[in-house]
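Chemist: File work_12.cif below, mmCIF, C-alpha atoms:
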data_my_file
#
loop_
_atom_site.label_atom_id
_atom_site.label_comp_id
_atom_site.auth_asym_id
_atom_site.auth_seq_id
_atom_site.Cartn_x
_atom_site.Cartn_y
_atom_site.Cartn_z
CA MET X 1 169.36 52.44 -14.18
CA ALA X 2 165.93 53.98 -13.74
CA LYS X 3 165.31 51.52 -10.94
CA ASP X 4 168.44 52.59 -9.15
CA SER X 5 167.46 56.18 -9.58
CA ASP X 6 164.02 55.52 -8.03
CA SER X 7 165.55 53.66 -5.16
CA LEU X 8 167.99 56.45 -4.49
CA SER X 9 165.29 59.06 -4.73
CA LYS X 10 163.18 57.04 -2.25
CA LYS X 11 166.14 56.79 0.10
CA VAL X 12 166.72 60.56 -0.17
CA GLU X 13 163.02 61.14 0.40
CA ASN X 14 163.08 58.89 3.47
CA PHE X 15 166.23 60.51 4.71
CA LEU X 16 164.63 63.93 4.23
CA LYS X 17 161.57 62.76 6.10
CA VAL X 18 163.70 61.45 8.96
CA PHE X 19 165.73 64.64 8.87
CA LYS X 20 162.51 66.70 8.90
CA LYS X 21 161.23 64.76 11.85
CA GLY X 22 164.59 65.19 13.57
CA GLU X 23 164.38 68.90 12.90
CA GLU X 24 160.85 69.07 14.29
CA PHE X 25 161.90 67.05 17.31
CA THR X 26 164.87 69.31 17.84
CA GLN X 27 162.59 72.32 17.52
CA GLU X 28 160.24 70.83 20.10
CA LEU X 29 163.15 70.11 22.39
CA LEU X 30 164.40 73.65 22.05
CA GLN X 31 160.94 75.02 22.83
CA GLU X 32 160.61 72.72 25.79
CA ASN X 33 164.05 73.78 26.95
CA GLU X 34 163.01 77.42 26.61
CA LYS X 35 159.90 76.77 28.68
CA LEU X 36 161.85 74.96 31.34
CA ARG X 37 164.43 77.73 31.49
CA TYR X 38 161.63 80.23 31.89
CA ARG X 39 160.04 78.18 34.67
CA LEU X 40 163.36 77.71 36.35
CA ALA X 41 163.98 81.45 36.22
CA GLN X 42 160.50 82.02 37.67
CA GLN X 43 161.11 79.49 40.38
CA GLU X 44 164.42 81.06 41.23
CA GLU X 45 162.74 84.44 41.44
CA VAL X 46 160.05 83.08 43.79
CA SER X 47 162.62 81.32 45.87
CA LYS X 48 164.72 84.49 46.07
CA SER X 49 161.80 86.65 47.16
CA SER X 50 160.65 84.07 49.73
CA GLY X 51 164.17 83.93 51.25
CA ARG X 52 164.16 87.68 51.60
CA GLY X 53 160.74 87.48 53.38
CA GLU X 54 161.99 84.92 55.83
CA ALA X 55 164.98 87.09 56.63
CA LEU X 56 162.67 90.05 57.11
CA ASN X 57 160.36 88.01 59.35
CA GLU X 58 163.28 86.82 61.45
CA GLN X 59 164.52 90.38 61.89
CA ALA X 60 161.06 91.56 62.97
CA LEU X 61 160.83 88.71 65.45
CA GLU X 62 164.24 89.56 66.84
CA GLU X 63 163.19 93.17 67.22
CA ARG X 64 159.95 92.12 68.95
CA LEU X 65 161.90 89.81 71.24
CA LYS X 66 164.26 92.64 72.11
CA THR X 67 161.33 94.96 72.81
CA LEU X 68 159.72 92.33 75.01
CA GLU X 69 162.99 91.71 76.83
CA ASP X 70 163.36 95.46 77.40
CA GLU X 71 159.76 95.64 78.65
CA ASN X 72 160.39 92.67 80.91
CA LYS X 73 163.53 94.33 82.28
CA SER X 74 161.75 97.61 82.86
CA LEU X 75 158.85 95.75 84.56
CA LEU X 76 161.32 93.92 86.79
CA ASP X 77 163.03 97.20 87.62
CA ARG X 78 159.64 98.75 88.43
CA TYR X 79 158.77 95.69 90.54
CA HIS X 80 161.99 96.05 92.53
CA GLN X 81 161.35 99.77 92.85
CA VAL X 82 157.80 99.13 94.13
CA GLU X 83 159.16 96.46 96.46
CA GLU X 84 161.66 99.00 97.85
CA GLU X 85 158.89 101.59 98.15
CA ASN X 86 156.78 99.01 100.00
CA LYS X 87 159.65 98.35 102.39
CA ASP X 88 160.06 102.10 102.88
CA PHE X 89 156.33 102.45 103.56
CA ALA X 90 156.42 99.55 106.02
CA ASN X 91 159.37 101.14 107.83
CA ARG X 92 157.68 104.51 107.71
CA TYR X 93 154.49 102.94 109.13
CA ILE X 94 156.47 101.47 112.02
CA GLU X 95 158.15 104.85 112.59
CA VAL X 96 154.77 106.63 112.56
CA GLU X 97 153.34 104.03 114.94
CA THR X 98 156.30 104.46 117.29
CA GLU X 99 155.98 108.22 117.05
CA ASN X 100 152.24 107.89 117.78
CA ASN X 101 152.97 105.78 120.85
CA ASN X 102 155.63 108.21 122.00
CA LEU X 103 153.29 111.16 121.56
CA ALA X 104 150.61 109.29 123.50
CA ASN X 105 153.10 108.76 126.34
CA LEU X 106 154.07 112.44 126.30
CA TYR X 107 150.43 113.52 126.13
CA VAL X 108 149.47 111.31 129.08
CA ALA X 109 152.46 112.50 131.09
CA SER X 110 151.80 116.21 130.50
CA TYR X 111 148.02 115.75 130.95
CA GLN X 112 148.56 114.06 134.31
CA LEU X 113 151.16 116.62 135.42
CA HIS X 114 148.70 119.46 134.95
CA SER X 115 145.68 117.60 136.28
CA THR X 116 146.11 118.74 139.88
CA LEU X 117 147.04 121.76 141.99
CA ASP X 118 147.95 119.64 144.98
CA PHE X 119 151.72 119.61 145.54
CA ASN X 120 151.84 116.06 146.93
CA GLU X 121 149.71 114.74 144.10
CA SER X 122 151.97 116.51 141.60
CA LEU X 123 154.98 114.86 143.23
CA LYS X 124 153.24 111.47 143.05
CA ILE X 125 152.54 111.97 139.35
CA VAL X 126 156.18 112.85 138.65
CA LEU X 127 157.21 109.70 140.54
CA GLU X 128 154.77 107.62 138.50
CA ILE X 129 156.05 109.04 135.23
CA VAL X 130 159.69 108.42 136.11
CA MET X 131 158.90 104.94 137.39
CA ASN X 132 156.31 103.72 134.88
CA LEU X 133 157.09 105.58 131.71
CA ILE X 134 160.86 105.84 131.95
CA GLY X 135 161.42 102.66 133.95
CA ALA X 136 163.54 103.95 136.84
CA GLU X 137 163.93 101.85 139.97
CA GLU X 138 165.95 104.17 142.23
CA PHE X 139 165.44 107.89 141.87
CA SER X 140 164.57 111.05 143.75
CA ILE X 141 163.02 114.47 143.26
CA MET X 142 164.92 117.28 144.96
CA MET X 143 163.65 120.83 145.37
CA LEU X 144 165.87 123.88 145.75
CA ASP X 145 165.57 126.00 148.85
CA GLU X 146 166.53 129.44 147.63
CA LYS X 147 167.27 130.69 151.15
CA THR X 148 169.82 128.00 151.98
CA ASN X 149 170.80 127.27 148.36
CA GLU X 150 170.40 123.57 149.10
CA LEU X 151 168.65 120.80 147.22
CA SER X 152 166.54 118.53 149.44
CA ILE X 153 164.77 115.27 148.64
CA VAL X 154 161.00 115.78 148.60
CA ALA X 155 160.10 112.39 147.08
CA GLN X 156 162.05 109.26 146.28
CA GLU X 157 161.63 105.67 145.20
CA GLY X 158 163.75 102.66 146.12
CA MET X 159 166.70 104.63 147.48
CA GLY X 160 169.01 103.29 150.15
CA GLN X 161 169.86 104.87 153.50
CA ASP X 162 173.28 106.10 152.32
CA ALA X 163 171.71 108.53 149.85
CA ARG X 164 172.34 112.15 150.79
CA LYS X 165 169.15 113.93 151.83
CA SER X 166 170.43 117.35 150.78
CA ILE X 167 173.10 118.68 148.45
CA LYS X 168 174.60 122.16 148.22
CA MET X 169 174.10 124.05 144.94
CA GLY X 170 177.18 123.49 142.77
CA SER X 171 178.40 120.50 144.78
CA GLY X 172 179.15 117.36 142.78
CA ILE X 173 177.30 116.31 139.62
CA ILE X 174 173.85 116.91 141.11
CA GLY X 175 174.76 120.33 142.49
CA GLN X 176 176.39 121.33 139.20
CA VAL X 177 173.25 120.40 137.23
CA ALA X 178 171.21 122.61 139.58
CA LYS X 179 173.74 125.41 139.15
CA THR X 180 174.19 125.27 135.36
CA GLY X 181 170.71 124.07 134.41
CA ASP X 182 172.18 121.54 131.96
CA ALA X 183 170.99 117.93 132.16
CA PHE X 184 173.56 115.23 132.92
CA TYR X 185 173.55 111.78 131.27
CA ARG X 186 176.20 109.32 132.36
CA ASP X 187 178.18 107.80 129.49
CA GLY X 188 177.97 104.12 128.66
CA ASP X 189 175.50 101.33 129.22
CA PRO X 190 172.95 102.35 131.88
CA THR X 191 172.61 98.73 133.01
CA ASN X 192 176.33 98.23 133.51
CA LEU X 193 176.29 99.15 137.16
CA LYS X 194 178.77 98.16 139.82
CA GLY X 195 176.37 98.97 142.61
CA ILE X 196 174.67 102.29 143.16
CA ASP X 197 176.85 105.36 143.48
CA TYR X 198 174.75 108.17 144.90
CA THR X 199 177.37 110.74 143.93
CA HIS X 200 177.41 109.57 140.33
CA PRO X 201 173.81 109.27 139.07
CA LEU X 202 172.69 107.86 135.72
CA VAL X 203 170.63 110.88 134.80
CA THR X 204 170.10 114.27 136.42
CA ILE X 205 167.37 116.48 135.00
CA PRO X 206 167.02 120.09 136.11
CA LEU X 207 163.43 121.25 136.71
CA LYS X 208 163.41 124.66 135.11
CA ILE X 209 160.96 127.50 134.69
CA LYS X 210 162.53 129.42 131.84
CA GLU X 211 166.18 129.47 132.98
CA HIS X 212 165.40 129.33 136.67
CA VAL X 213 166.14 125.94 138.28
CA ILE X 214 163.63 125.05 141.01
CA GLY X 215 164.66 121.44 141.56
CA ILE X 216 166.04 118.30 139.96
CA ILE X 217 165.13 114.70 139.20
CA VAL X 218 167.99 112.27 139.85
CA ILE X 219 167.91 108.68 138.54
CA TYR X 220 170.39 106.21 140.02
CA LYS X 221 169.14 102.85 138.77
CA LEU X 222 166.82 101.50 136.07
CA LEU X 223 164.45 98.56 136.29
CA ILE X 224 166.02 95.21 135.44
CA GLN X 225 164.06 94.95 132.18
CA LYS X 226 165.02 98.46 131.09
CA THR X 227 168.25 97.99 129.17
CA GLU X 228 168.66 101.34 127.43
CA PHE X 229 167.18 104.79 127.01
CA SER X 230 165.04 105.26 123.93
CA ASN X 231 164.29 108.48 122.06
CA VAL X 232 161.02 108.89 123.91
CA ASP X 233 162.88 108.72 127.24
CA TYR X 234 164.93 111.76 126.26
CA GLU X 235 161.70 113.45 125.10
CA LEU X 236 160.19 112.61 128.48
CA PHE X 237 163.25 113.99 130.27
CA SER X 238 162.98 117.31 128.43
CA MET X 239 159.19 117.36 128.93
CA LEU X 240 159.68 116.72 132.64
CA ALA X 241 162.28 119.47 132.86
CA GLY X 242 159.66 122.03 131.84
CA HIS X 243 156.24 120.60 132.67
CA ALA X 244 157.10 118.95 135.97
CA ALA X 245 158.76 122.19 137.04
CA THR X 246 155.68 124.32 136.31
CA ALA X 247 153.33 121.69 137.76
CA LEU X 248 155.33 121.44 141.01
CA PHE X 249 155.90 125.19 141.24
CA SER X 250 152.28 126.17 140.59
CA SER X 251 150.89 123.50 142.94
CA LYS X 252 153.32 124.67 145.63
CA LEU X 253 152.23 128.28 145.14
CA TYR X 254 148.59 127.23 145.15
CA SER X 255 149.05 125.25 148.39
CA GLN X 256 150.80 128.25 149.97
CA SER X 257 148.09 130.66 148.82
CA GLU X 258 145.42 128.27 150.09
CA ARG X 259 147.12 128.20 153.47
CA LYS X 260 147.42 131.98 153.50
CA LEU X 261 143.79 132.32 152.49
CA THR X 262 142.74 130.03 155.33
CA THR X 263 144.83 132.07 157.78
CA ILE X 264 143.40 135.37 156.53
CA GLN X 265 139.89 133.91 156.61
CA SER X 266 140.45 132.81 160.21
CA PHE X 267 141.64 136.33 161.10
CA LEU X 268 138.61 137.86 159.41
CA ASP X 269 136.29 135.47 161.23
CA LEU X 270 138.03 136.35 164.48
CA LEU X 271 137.65 140.08 163.78
CA LYS X 272 133.97 139.60 162.94
CA GLU X 273 133.39 137.79 166.21
CA LYS X 274 134.96 140.69 168.13
CA MET N 1 133.12 94.80 113.36
CA PRO N 2 133.73 92.83 116.56
CA GLU N 3 133.47 94.72 119.82
CA TYR N 4 135.67 94.20 122.85
CA THR N 5 135.33 95.42 126.40
CA PHE N 6 138.51 95.70 128.43
CA LEU N 7 138.81 96.11 132.17
CA VAL N 8 141.96 98.02 133.12
CA VAL N 9 142.86 97.57 136.79
CA GLU N 10 145.61 99.96 137.88
CA ASP N 11 145.99 102.27 140.87
CA SER N 12 148.12 104.84 139.03
CA PRO N 13 145.94 107.27 137.02
CA THR N 14 148.88 107.90 134.70
CA MET N 15 149.23 104.22 133.86
CA ARG N 16 145.46 103.76 133.58
CA GLN N 17 145.27 106.57 131.06
CA LEU N 18 148.29 105.27 129.16
CA ILE N 19 146.91 101.72 128.92
CA SER N 20 143.44 102.99 127.99
CA PHE N 21 145.00 105.20 125.31
CA ALA N 22 146.76 102.18 123.85
CA LEU N 23 143.66 99.96 123.96
CA LYS N 24 141.52 102.60 122.24
CA ARG N 25 143.56 101.91 119.14
CA ILE N 26 141.92 98.48 118.86
CA PRO N 27 138.81 99.02 116.69
CA GLY N 28 135.55 98.40 118.53
CA SER N 29 137.09 98.64 121.98
CA THR N 30 135.41 99.91 125.13
CA ILE N 31 137.54 100.50 128.20
CA VAL N 32 136.42 100.41 131.79
CA GLU N 33 138.91 101.48 134.48
CA ALA N 34 139.24 100.25 138.05
CA GLY N 35 141.61 101.59 140.73
CA ASP N 36 142.22 98.29 142.57
CA GLY N 37 141.14 94.65 142.82
CA ILE N 38 137.98 95.35 144.83
CA ASP N 39 136.87 98.03 142.40
CA ALA N 40 137.57 95.55 139.58
CA LEU N 41 135.37 92.85 141.17
CA LYS N 42 132.53 95.38 141.50
CA LYS N 43 132.84 96.28 137.84
CA LEU N 44 133.05 92.60 136.85
CA SER N 45 129.71 91.99 138.52
CA ASN N 46 128.09 94.81 136.54
CA GLN N 47 129.09 93.92 132.99
CA LYS N 48 130.86 91.39 130.76
CA PHE N 49 134.50 91.83 129.82
CA ASP N 50 136.56 90.26 127.05
CA VAL N 51 139.97 90.84 128.63
CA ILE N 52 141.19 92.00 132.05
CA LEU N 53 144.48 93.89 132.27
CA THR N 54 145.71 94.23 135.82
CA ASP N 55 148.63 95.72 137.67
CA ILE N 56 150.18 93.58 140.43
CA ASN N 57 151.09 96.10 143.11
CA MET N 58 147.90 97.86 144.16
CA PRO N 59 146.33 98.91 147.47
CA LEU N 60 143.35 97.06 149.02
CA MET N 61 143.54 94.06 146.68
CA ASP N 62 146.57 93.39 144.52
CA GLY N 63 146.59 91.99 141.00
CA LEU N 64 147.65 88.46 141.96
CA LYS N 65 144.76 88.15 144.41
CA LEU N 66 142.42 89.44 141.70
CA VAL N 67 143.74 86.85 139.21
CA SER N 68 143.20 84.11 141.78
CA MET N 69 139.65 85.27 142.56
CA VAL N 70 138.74 85.58 138.88
CA ARG N 71 140.05 82.09 138.12
CA ASN N 72 138.15 80.56 141.04
CA ASP N 73 134.83 82.18 140.13
CA PRO N 74 132.81 80.12 137.62
CA THR N 75 131.29 83.32 136.15
CA TYR N 76 134.61 84.98 135.32
CA LYS N 77 137.04 82.05 135.10
CA ASP N 78 137.18 82.10 131.31
CA ILE N 79 138.02 85.79 130.94
CA PRO N 80 141.63 86.15 129.75
CA VAL N 81 143.85 88.09 132.16
CA ILE N 82 146.99 90.04 131.27
CA VAL N 83 149.19 90.95 134.22
CA ILE N 84 151.06 94.26 134.09
CA THR N 85 153.78 94.94 136.61
CA THR N 86 156.95 96.83 137.32
CA GLU N 87 158.64 93.59 138.27
CA GLY N 88 160.56 92.14 135.39
CA ALA N 89 161.95 89.21 137.32
CA ASP N 90 160.94 85.69 136.33
CA ASP N 91 159.45 84.79 139.73
CA ALA N 92 156.81 87.55 139.49
CA ARG N 93 155.96 86.39 135.98
CA GLU N 94 155.70 82.79 137.11
CA ARG N 95 153.50 83.76 140.08
CA GLY N 96 151.06 85.52 137.78
CA ILE N 97 151.01 82.75 135.21
CA SER N 98 150.70 79.98 137.85
CA LEU N 99 147.65 81.74 139.27
CA GLY N 100 146.05 81.60 135.84
CA ALA N 101 147.08 84.79 134.04
CA ASN N 102 147.21 84.31 130.28
CA ALA N 103 150.01 86.76 129.55
CA TYR N 104 152.44 89.13 131.17
CA VAL N 105 153.56 92.64 130.23
CA SER N 106 156.37 94.47 132.04
CA LYS N 107 156.59 98.17 132.85
CA PRO N 108 157.67 100.50 131.41
CA ILE N 109 155.00 99.50 128.92
CA GLN N 110 155.82 99.52 125.25
CA THR N 111 152.47 100.29 123.62
CA GLN N 112 153.13 98.06 120.63
CA ASP N 113 154.05 95.09 122.85
CA LEU N 114 150.88 95.59 124.88
CA LEU N 115 148.73 95.78 121.73
CA ASN N 116 150.40 92.68 120.28
CA THR N 117 149.72 90.75 123.49
CA VAL N 118 146.08 91.88 123.64
CA ASN N 119 145.54 91.12 119.94
CA GLU N 120 146.98 87.62 120.38
CA ILE N 121 144.62 86.98 123.30
CA ILE N 122 141.64 88.26 121.30
CA LYS N 123 142.59 86.08 118.31
CA SER N 124 143.04 82.96 120.42
CA LYS N 125 139.68 83.60 122.11
CA ALA N 126 137.82 84.04 118.75
#
Mind turning the file's structure into structure tokens?

Modeler:
Amino acid sequence: MAKDSDSLSKKVENFLKVFKKGEEFTQELLQENEKLRYRLAQQEEVSKSSGRGEALNEQALEERLKTLEDENKSLLDRYHQVEEENKDFANRYIEVETENNNLANLYVASYQLHSTLDFNESLKIVLEIVMNLIGAEEFSIMMLDEKTNELSIVAQEGMGQDARKSIKMGSGIIGQVAKTGDAFYRDGDPTNLKGIDYTHPLVTIPLKIKEHVIGIIVIYKLLIQKTEFSNVDYELFSMLAGHAATALFSSKLYSQSERKLTTIQSFLDLLKEK
Amino acid sequence: MPEYTFLVVEDSPTMRQLISFALKRIPGSTIVEAGDGIDALKKLSNQKFDVILTDINMPLMDGLKLVSMVRNDPTYKDIPVIVITTEGADDARERGISLGANAYVSKPIQTQDLLNTVNEIIKSKA
């Protein structure tokens, strides 16, 4: 009986030991579990915060990309603007060059017109300007005789025999230009000619001193290579209207006064001799 | 800066002045004017020229005769010649070129065309 009791007590003791160990093991497991939970929570926290950072980084990059795209667009716009400005400058340069050339032509023409007081030389210079600067092939210069009220050719280039040598003031296009003092430009292509019509000129320019017409320049035909009138041609026409008129008028007056002076001088010499 | 001496042969003072005006726009240019072919030959014997620009219709000696004389003279034969004339027809151009002219400019002269032609000649000579 005592033996049984010892054996039972041993068994209980062993069971208690095993139970104790089990309890300790369970405690350890629970602690380990707690630790793992804590670490997991930590890890989750880290992972959460790192995800937020990535999102933030991505947003910043997107913003930067947008800024760069905007900058790129504005640079492209500026480039196109500068390109347009460049084109404008190039066109402006060509315009200035053309204007320079035109002014040089006008300067040379007016310089030459006023370079002499000889009537025939003045006429020759007007012919040269009309021929070489405007490009006329058939044309004439007519002066008005105030006594007869008739325009007569004083110089011409390339004109045929059937051209009228004199025209009454107010008669036809040429006479009307002399009467009104308004230039005449024939409509249409100046090269589209069906032969020369001396009653229907291409251009008729009145030579005027203020509003007083002293003569006219009549152009019937242009040189073969001259296909149209340019702006400078019209400038030359208006320059001729004034400058050629004063040049021809003053040289004519000078020639007349020279002649008179010679006559008077001859008289004086004659009187002295007597 | 390179320097160029041009001989402008033209009987019309207006045209001479106009051509000289245009040529002055080439940096380093010096312009000598002659009234006809004979005057041009005199000036050619006095100094060296880089380019001759000559009119065709002139008194005493015309431009075509001048071109022919320049091309047949060993001293001047290499000087480029530009012929300037009122005639725009092909035969006048061909006459000038066949005699040895390097280029041809028609009247009424467009300054820019003249300068382009002269600049091309200068470039090809350099």

Chemist: For range 47-50 of chain N, list every protein, DNA or RNA residue within 12 Å, evaluated using only C-alpha atoms, and leave out those in the same chain fewer than 4 positions away; present the list as number ranges by chain.

Modeler: N: 2-8, 28-33, 40-43, 70, 75-82, 118-119, 121-126

Chemist: So how far away is CA of Thr246 in chain X from CA of Ile264 in chain X, in Å?

Modeler: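 Calculated distance between CA of Ile264 in chain X and CA of Thr246 in chain X is 26.1 Å.
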
Chemist: Could the residues of chain N that have an atom at most 9 Å from chain X be listed as a Markdown table, each with its closest atom pair and the distance in Å to one decimal, counting all atoms listed in the file and ordered by chain and ascending residue number?

Modeler:
| residue | atom | partner | partner_atom | distance |
| --- | --- | --- | --- | --- |
| N:Ser12 | CA | X:Glu128 | CA | 7.2 |
| N:Pro13 | CA | X:Gln112 | CA | 7.8 |
| N:Thr14 | CA | X:Gln112 | CA | 6.2 |
| N:Met15 | CA | X:Asn132 | CA | 7.2 |
| N:Gln17 | CA | X:Val108 | CA | 6.6 |
| N:Leu18 | CA | X:Val108 | CA | 6.2 |
| N:Phe21 | CA | X:Ala104 | CA | 7.2 |
| N:Ala22 | CA | X:Asn101 | CA | 7.8 |
| N:Thr86 | CA | X:Asn132 | CA | 7.3 |
| N:Glu87 | CA | X:Leu223 | CA | 7.9 |
| N:Gly88 | CA | X:Gln225 | CA | 5.5 |
| N:Ala89 | CA | X:Ile224 | CA | 7.5 |
| N:Ser106 | CA | X:Gln225 | CA | 7.7 |
| N:Lys107 | CA | X:Asn132 | CA | 5.9 |
| N:Pro108 | CA | X:Asn132 | CA | 4.9 |
| N:Ile109 | CA | X:Leu133 | CA | 7.0 |
| N:Gln110 | CA | X:Asn101 | CA | 8.2 |
| N:Thr111 | CA | X:Asn101 | CA | 6.2 |
| N:Gln112 | CA | X:Asn101 | CA | 7.7 |

Chemist: Please dump the current selection as a PDB file, keeping the file's coordinate frame; keep C-alpha atoms.

Modeler:
ATOM      1  CA  SER N  12     148.120 104.840 139.030  1.00  0.00           C
ATOM      2  CA  PRO N  13     145.940 107.270 137.020  1.00  0.00           C
ATOM      3  CA  THR N  14     148.880 107.900 134.700  1.00  0.00           C
ATOM      4  CA  MET N  15     149.230 104.220 133.860  1.00  0.00           C
ATOM      5  CA  GLN N  17     145.270 106.570 131.060  1.00  0.00           C
ATOM      6  CA  LEU N  18     148.290 105.270 129.160  1.00  0.00           C
ATOM      7  CA  PHE N  21     145.000 105.200 125.310  1.00  0.00           C
ATOM      8  CA  ALA N  22     146.760 102.180 123.850  1.00  0.00           C
ATOM      9  CA  THR N  86     156.950  96.830 137.320  1.00  0.00           C
ATOM     10  CA  GLU N  87     158.640  93.590 138.270  1.00  0.00           C
ATOM     11  CA  GLY N  88     160.560  92.140 135.390  1.00  0.00           C
ATOM     12  CA  ALA N  89     161.950  89.210 137.320  1.00  0.00           C
ATOM     13  CA  SER N 106     156.370  94.470 132.040  1.00  0.00           C
ATOM     14  CA  LYS N 107     156.590  98.170 132.850  1.00  0.00           C
ATOM     15  CA  PRO N 108     157.670 100.500 131.410  1.00  0.00           C
ATOM     16  CA  ILE N 109     155.000  99.500 128.920  1.00  0.00           C
ATOM     17  CA  GLN N 110     155.820  99.520 125.250  1.00  0.00           C
ATOM     18  CA  THR N 111     152.470 100.290 123.620  1.00  0.00           C
ATOM     19  CA  GLN N 112     153.130  98.060 120.630  1.00  0.00           C
TER      20      GLN N 112
END

Chemist: Find, counting only C-alpha atoms, the residue in N:Met61, N:Arg93, N:Ser45, N:Ile52 that gets nearest to Asp73 in chain N.

Modeler: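 Ranking N:Met61, N:Arg93, N:Ser45, N:Ile52 by distance to Asp73 in chain N, first place goes to N:Ser45.
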
Chemist: Find the residue from N:Val51, N:Ile84, N:Val67, N:Ile26 that sits nearest to Ser98 in chain N; use only C-alpha atoms when measuring.

Modeler: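 Looking only at the distances to Ser98 in chain N, the closest residue turns out to be N:Val67.
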
Chemist: Between CA of Ile196 in chain X and CA of Glu138 in chain X, what is the distance in Å, rounded to a tenth?

Modeler: 9.0 Å

Chemist: Hey, which of X:Gly242, X:Glu84, X:Phe229, X:Met169 ends up closest to Lys210 in chain X? Count only C-alpha atoms.

Modeler: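 Selected residue with least distance to Lys210 in chain X: X:Gly242.
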
Chemist: Suppose you want the space between CA of Met159 in chain X and CA of Ser255 in chain X; what is it in Å?

Modeler: 27.2 Å

Chemist: List as number ranges by chain the protein and nucleic acid residues near Asp62 in chain N, meaning an atom at most 8 Å away when only C-alpha atoms are counted, but skip any in the same chain fewer than 6 places from it.

Modeler: N: 36-37, 55-56

Chemist: Considering all atoms listed in the file, return as a list of chain:residue names whatever protein or nucleic-acid residues lie within 8 Å of Asn149 in chain X, sequence-local ones (same chain, fewer than 3 positions apart) excluded.

Modeler: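 In the requested format, the answer is X:Leu144, X:Asp145, X:Glu146, X:Lys168, X:Met169.
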
Chemist: Write out as a list in words the residues lying within 7 Å of Val83 in chain N, counting all atoms listed in the file and excluding same-chain residues fewer than 4 positions away.

Modeler: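 The filter keeps Leu53, Thr54, Asp55, Ile56, Gly96, Ala101, Ala103, Tyr104 and Val105 of chain N.
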
Chemist: Calculated over only C-alpha atoms, which of the candidates X:Phe119, X:Phe139, X:Tyr198, X:Phe184 has the smallest distance to Tyr234 in chain X?

Modeler: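 Result for the nearest residue to Tyr234 in chain X: X:Phe184.
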
Chemist: Using only C-alpha atoms, can you tell me which of X:Arg39, X:His114, X:Lys20, X:Lys10 comes closest to Phe249 in chain X?

Modeler: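 Of X:Arg39, X:His114, X:Lys20, X:Lys10, the one nearest Phe249 in chain X is X:His114, counting only C-alpha atoms.
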
Chemist: Considering all atoms listed in the file, state which residue in the set X:Leu117, X:Ile173, X:Ile209, X:Ala244 is at the smallest distance from Gln256 in chain X.

Modeler: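 Among X:Leu117, X:Ile173, X:Ile209, X:Ala244, it is X:Leu117 that comes nearest to Gln256 in chain X.
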
Chemist: From the coordinates supplied, range 231-243 of chain X should be written with N, CA and C atoms, as an mmCIF file, in the first residue's frame.

Modeler:
data_model
loop_
_atom_site.group_PDB
_atom_site.id
_atom_site.type_symbol
_atom_site.label_atom_id
_atom_site.label_comp_id
_atom_site.auth_asym_id
_atom_site.auth_seq_id
_atom_site.Cartn_x
_atom_site.Cartn_y
_atom_site.Cartn_z
ATOM 1 N N ASN X 231 8.889 100.284 -107.385
ATOM 2 C CA ASN X 231 8.607 101.480 -106.575
ATOM 3 C C ASN X 231 9.565 102.611 -106.898
ATOM 4 N N VAL X 232 10.849 102.230 -107.080
ATOM 5 C CA VAL X 232 11.850 103.276 -107.337
ATOM 6 C C VAL X 232 11.586 103.976 -108.671
ATOM 7 N N ASP X 233 10.978 103.263 -109.626
ATOM 8 C CA ASP X 233 10.648 103.904 -110.906
ATOM 9 C C ASP X 233 9.657 105.042 -110.688
ATOM 10 N N TYR X 234 8.651 104.774 -109.852
ATOM 11 C CA TYR X 234 7.663 105.821 -109.571
ATOM 12 C C TYR X 234 8.309 106.986 -108.810
ATOM 13 N N GLU X 235 9.278 106.622 -107.915
ATOM 14 C CA GLU X 235 10.020 107.668 -107.193
ATOM 15 C C GLU X 235 10.813 108.502 -108.195
ATOM 16 N N LEU X 236 11.422 107.786 -109.157
ATOM 17 C CA LEU X 236 12.203 108.489 -110.186
ATOM 18 C C LEU X 236 11.300 109.382 -111.037
ATOM 19 N N PHE X 237 10.119 108.883 -111.357
ATOM 20 C CA PHE X 237 9.181 109.687 -112.148
ATOM 21 C C PHE X 237 8.849 110.987 -111.410
ATOM 22 N N SER X 238 8.544 110.857 -110.098
ATOM 23 C CA SER X 238 8.154 112.072 -109.374
ATOM 24 C C SER X 238 9.368 112.966 -109.166
ATOM 25 N N MET X 239 10.566 112.359 -109.011
ATOM 26 C CA MET X 239 11.785 113.159 -108.879
ATOM 27 C C MET X 239 12.049 113.912 -110.185
ATOM 28 N N LEU X 240 11.862 113.199 -111.296
ATOM 29 C CA LEU X 240 12.078 113.827 -112.610
ATOM 30 C C LEU X 240 11.114 114.981 -112.825
ATOM 31 N N ALA X 241 9.867 114.766 -112.406
ATOM 32 C CA ALA X 241 8.845 115.801 -112.602
ATOM 33 C C ALA X 241 9.303 117.132 -112.022
ATOM 34 N N GLY X 242 9.935 117.094 -110.850
ATOM 35 C CA GLY X 242 10.387 118.331 -110.224
ATOM 36 C C GLY X 242 11.803 118.729 -110.611
ATOM 37 N N HIS X 243 12.743 117.799 -110.389
ATOM 38 C CA HIS X 243 14.165 118.130 -110.588
ATOM 39 C C HIS X 243 14.544 118.330 -112.048
#
